[in-house]
Amino acid sequence: MSEQTLQVRAWFLGARIDVRDLERRGSIALGPLTMLIGQHGYSMIFRFGAVVLFGLTPAEESDLIRSLMASVHAPVAEPEREEVEIIVDADRPERIDADGRLVLHEASIGRLQVVANVLAKSCVLAFYEKSVADAFDRIEQLIDHLRQGVSPRRGKEVINVIGNALMILTRTVGRVEVTEKPEITWDQFELDRLYGRLATEYELRDRDLALSRKLELVSRTAETYLELVNHRQALRVEWYIVILIVVEIILNLYGKLS
């Protein structure tokens with residue numbers, strides 16, 4: 001039997017996708033919400049803001065993304081995208097081959113859902129990895145300011161850096177659950193093994209750990225900057241108090257001498 005090919009694209013559209021209305025339109029599977037598109041295509045929609053599309057034409061893909069945007073909360077300005085070509089061949093091991101193509105024994109819904117889980121998580125990680133890289137650029141600027149002397153006027157910017165770091169951590173850990181296995185793998189050994197292999201290929205655990213460490217560094221650096229700003233302001237207030245006390249003593253002595 002000749003091998004079959006299937007084009008897959010994963011999109012990260014925003015912080016969250018409300019799937020309740022989408023479920024009412026009809027689905028063929030859940031976890032993620034899986035819908036049949038056209039005659040042979042599938043869309044798999046994740047609550048944490050990602051959608052993975054299998055075998056769609058460019059027109060079908062554009063129409064679907066456009067229709068989903070009404071259900072996306074906090075859409076990102078530039079959606080992240082990842083893609084891979086699937087080769088369906090029962091005689092080859094299921095893995096990423098030397099050409100970067102994903103080999104599957106069959107294009108069953110279960111296997112495609114496993115692929116969708118890995119691609120969706122990888123896509124979300126890629127988006128936040130870029131966000132953290134931008135945060136590191138801002139942190140480098142803060143470090144330069146630390147060398148030159150802290151400035152209270154940059155306090156709002158520092159708070160924004162901390163807020164963004166906490167937001168990324170909350171979304172990746174709380175919503176995406178990058179290191180957690182999908183429910184579909186719990187009772188199916190073949191799917192569990194496939195998920196483990198693909199998660200390793202896409203380095204999900206290592207990337208999640210690296211992202212968490214970078215976020216911790218960003219947050220700790222920003223907090224240190226704020227502490228220095230607050231300490232400087234407190235020291236300035238103490239000097240103001242001392243000066244006022246000295247002025248009051250001088251005025252009292254002047255009054256007694258006169």
# chains A, B, ... in the order shown; residues from 1 in each chain; ligands from 1
>>> residues_around(residues="region 47-60 of chain A", least_positions_apart="5", cutoff="6 Å", atoms="only C-alpha atoms", output="JSON, numbers by chain")
{"A": [6, 7, 8, 9, 10, 11, 12, 13, 14, 15, 16, 17, 41, 42, 116, 120, 175, 176]}
>>> residues_around(residues="region 20-27 of chain A", least_positions_apart="6", cutoff="12 Å", atoms="only C-alpha atoms", output="CSV table (one decimal) with N, CA and C atoms, in the first residue's frame")
chain,number,residue,atom,x,y,z
A,33,LEU,N,-11.8,19.3,21.3
A,33,LEU,CA,-13.0,19.3,20.4
A,33,LEU,C,-12.6,19.1,19.0
A,34,THR,N,-13.1,18.0,18.4
A,34,THR,CA,-12.7,17.6,17.0
A,34,THR,C,-13.9,17.7,16.1
A,35,MET,N,-13.7,18.4,15.0
A,35,MET,CA,-14.8,18.7,14.0
A,35,MET,C,-14.3,18.3,12.6
A,36,LEU,N,-15.3,17.7,11.9
A,36,LEU,CA,-15.0,17.3,10.5
A,36,LEU,C,-15.1,18.5,9.6
A,37,ILE,N,-14.1,18.8,8.8
A,37,ILE,CA,-14.2,20.0,7.9
A,37,ILE,C,-14.1,19.4,6.4
A,42,TYR,N,-9.9,17.9,9.3
A,42,TYR,CA,-10.3,17.9,10.7
A,42,TYR,C,-9.8,19.2,11.3
A,43,SER,N,-10.6,19.8,12.3
A,43,SER,CA,-10.1,20.8,13.1
A,43,SER,C,-10.2,20.3,14.6
A,44,MET,N,-9.1,20.6,15.3
A,44,MET,CA,-9.1,20.2,16.7
A,44,MET,C,-8.8,21.4,17.6
A,45,ILE,N,-9.7,21.8,18.4
A,45,ILE,CA,-9.7,23.1,19.1
A,45,ILE,C,-9.5,22.9,20.6
A,46,PHE,N,-8.5,23.7,21.1
A,46,PHE,CA,-8.2,23.6,22.5
A,46,PHE,C,-8.6,24.8,23.2
A,47,ARG,N,-9.1,24.6,24.5
A,47,ARG,CA,-9.6,25.8,25.3
A,47,ARG,C,-8.5,26.8,25.5
A,64,LEU,N,-12.0,29.0,8.5
A,64,LEU,CA,-12.2,28.4,9.8
A,64,LEU,C,-11.5,29.4,10.8
A,67,SER,N,-13.7,32.3,11.4
A,67,SER,CA,-15.0,32.0,12.1
A,67,SER,C,-14.7,31.8,13.6
A,68,LEU,N,-13.5,31.3,13.9
A,68,LEU,CA,-13.1,31.0,15.3
A,68,LEU,C,-12.8,32.3,16.1
A,69,MET,N,-12.4,33.4,15.4
A,69,MET,CA,-12.0,34.6,16.1
A,69,MET,C,-13.0,35.2,17.1
A,70,ALA,N,-14.3,34.9,16.7
A,70,ALA,CA,-15.4,35.5,17.6
A,70,ALA,C,-15.4,34.8,18.9
A,71,SER,N,-14.8,33.6,19.0
A,71,SER,CA,-14.8,32.8,20.3
A,71,SER,C,-13.5,32.9,21.0
A,72,VAL,N,-12.5,33.7,20.5
A,72,VAL,CA,-11.2,33.8,21.1
A,72,VAL,C,-11.1,35.0,22.0
>>> atom_distance(atom1="CA of Glu94 (chain A)", atom2="CA of Pro79 (chain A)")
28.9 Å
>>> select_by_dssp(residues="region 15-44 of chain A", states="helix (DSSP H, G or I)", output="PyMOL selection string")
chain A and resi 20-24
>>> write_last_selection(atoms="N, CA and C atoms", output="short mmCIF file (atom, residue, chain, number, x, y, z; two decimals), in the first residue's frame")
data_model
loop_
_atom_site.label_atom_id
_atom_site.label_comp_id
_atom_site.auth_asym_id
_atom_site.auth_seq_id
_atom_site.Cartn_x
_atom_site.Cartn_y
_atom_site.Cartn_z
N ARG A 20 -17.85 26.25 24.02
CA ARG A 20 -19.24 25.83 24.33
C ARG A 20 -20.15 25.99 23.12
N ASP A 21 -20.09 27.15 22.48
CA ASP A 21 -20.93 27.35 21.30
C ASP A 21 -20.48 26.45 20.15
N LEU A 22 -19.18 26.22 20.06
CA LEU A 22 -18.67 25.37 18.99
C LEU A 22 -19.12 23.93 19.15
N GLU A 23 -19.24 23.47 20.39
CA GLU A 23 -19.69 22.09 20.64
C GLU A 23 -21.10 21.86 20.13
N ARG A 24 -21.92 22.92 20.18
CA ARG A 24 -23.32 22.78 19.74
C ARG A 24 -23.43 22.62 18.23
#
>>> residues_around(residues="Ala107 (chain A)", least_positions_apart="6", cutoff="10 Å", atoms="only C-alpha atoms", output="list in words")
Gln4, Thr5, Leu6, Ile86, Ile87, Val88, Asp89 and Gln113 of chain A
>>> atom_distance(atom1="CA of Phe127 (chain A)", atom2="CA of Glu80 (chain A)")
5.8 Å
>>> residues_around(residues="Gly110 (chain A)", least_positions_apart="2", cutoff="10 Å", atoms="only C-alpha atoms", output="VMD selection string")
chain A and resid 29 106 to 108 112 to 116 184 to 185 188 190 to 191
>>> closest_residue(among="A:Arg207, A:Lys181, A:Arg220, A:Lys214", to="Ala133 (chain A)", atoms="only C-alpha atoms")
A:Lys214
>>> closest_residue(among="A:Phe136, A:Pro93, A:Glu129, A:Pro182", to="Pro32 (chain A)", atoms="only C-alpha atoms")
A:Pro182
>>> atom_distance(atom1="CA of Phe189 (chain A)", atom2="CA of Arg95 (chain A)")
16.0 Å
>>> closest_residue(among="A:Asp18, A:His40, A:Glu61, A:Leu215", to="Ala74 (chain A)", atoms="only C-alpha atoms")
A:Asp18
>>> closest_residue(among="A:Glu82, A:Glu227, A:Glu177, A:Asp91", to="Leu119 (chain A)", atoms="only C-alpha atoms")
A:Glu82
